[in-house]
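Undergrad: Below you will find the structure I want to go over with you.
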Amino acid sequence: MTSSSRTRNSLYITFDNIGVGRLMAKKSSRRSRRQLCFIKATKGDPNATFLFSGINEVLKEAMDAGKIKNVCETFTDGWKPDNAQKEMEQCLTKQNK
């Protein structure tokens, strides 16, 4: 068999990003936290949008009712912990914490 006659197959494996966001929100909503800070991944990364969509799906009712407050929402470059730390510090500063 020559290389030109071989069948080439591709495989793409992923997961349910919105579902992961839902699970994250369900876990965090079980705690008594009333104020949440959302530090999302790199702006423009579709995974960040999908995750946050799932989070909002679960928390929307509680946020609309004032039981949970979104005190800060931002993106962080490159999914890097150092960048997220800086973003969190800025969020806390804005909240006088």
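Order determines the names: the first chain of the structure tokens is A, the second B, and so forth; residues in each chain are numbered 1 upward, and ligands are numbered 1 upward as they are shown.
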Which residues come within 9 Å of Met24 in chain A, counting only C-alpha atoms, excluding same-chain residues fewer than 4 positions away, as a ChimeraX atom specification?

TA: /A:19-20,28-29,51,54-55

Undergrad: Just the residues within 12 Å of Ile18 in chain A, please, counting only C-alpha atoms, with nothing from its chain fewer than 6 positions along; format it as a list in words.

TA: Met24, Ala25, Pro46, Asn47, Ala48, Thr49, Phe50, Leu51, Phe52, Ser53, Gly54, Ile55, Asn56, Glu57 and Val58 of chain A

Undergrad: Using DSSP on the backbone coordinates, identify the residues of chain A assigned to strand (DSSP E or B); present them as a PyMOL selection string.

TA: chain A and resi 35-40+69-75

Undergrad: List the spatial neighbours of range 83-95 of chain A as a PyMOL selection string - criterion: any atom at most 9 Å away, only C-alpha atoms, same-chain residues fewer than 2 positions off excluded.

TA: chain A and resi 37-41+71-81+97

Undergrad: Please return, as number ranges by chain, all residues of chain A that DSSP assigns to helix (DSSP H, G or I) on the basis of the backbone.

TA: A: 3-5, 17-29, 46-64, 77-79, 81-94

Undergrad: Return the single residue from A:Gly21, A:Ala62, A:Asp82, A:Thr7 that is closest to Gln35 in chain A, with distances computed using only C-alpha atoms.

TA: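 The closest residue to Gln35 in chain A is A:Ala62.
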
Undergrad: What gap, in Å, lies between CA of Glu61 in chain A and CA of Arg34 in chain A?

TA: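 Computing it gives 13.2 Å between the two atoms.
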
Undergrad: Enter the distance from CA of Arg31 in chain A to CA of Ile68 in chain A, in Å, rounded to one decimal.

TA: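 Pair CA of Arg31 in chain A / CA of Ile68 in chain A returns 11.0 Å.
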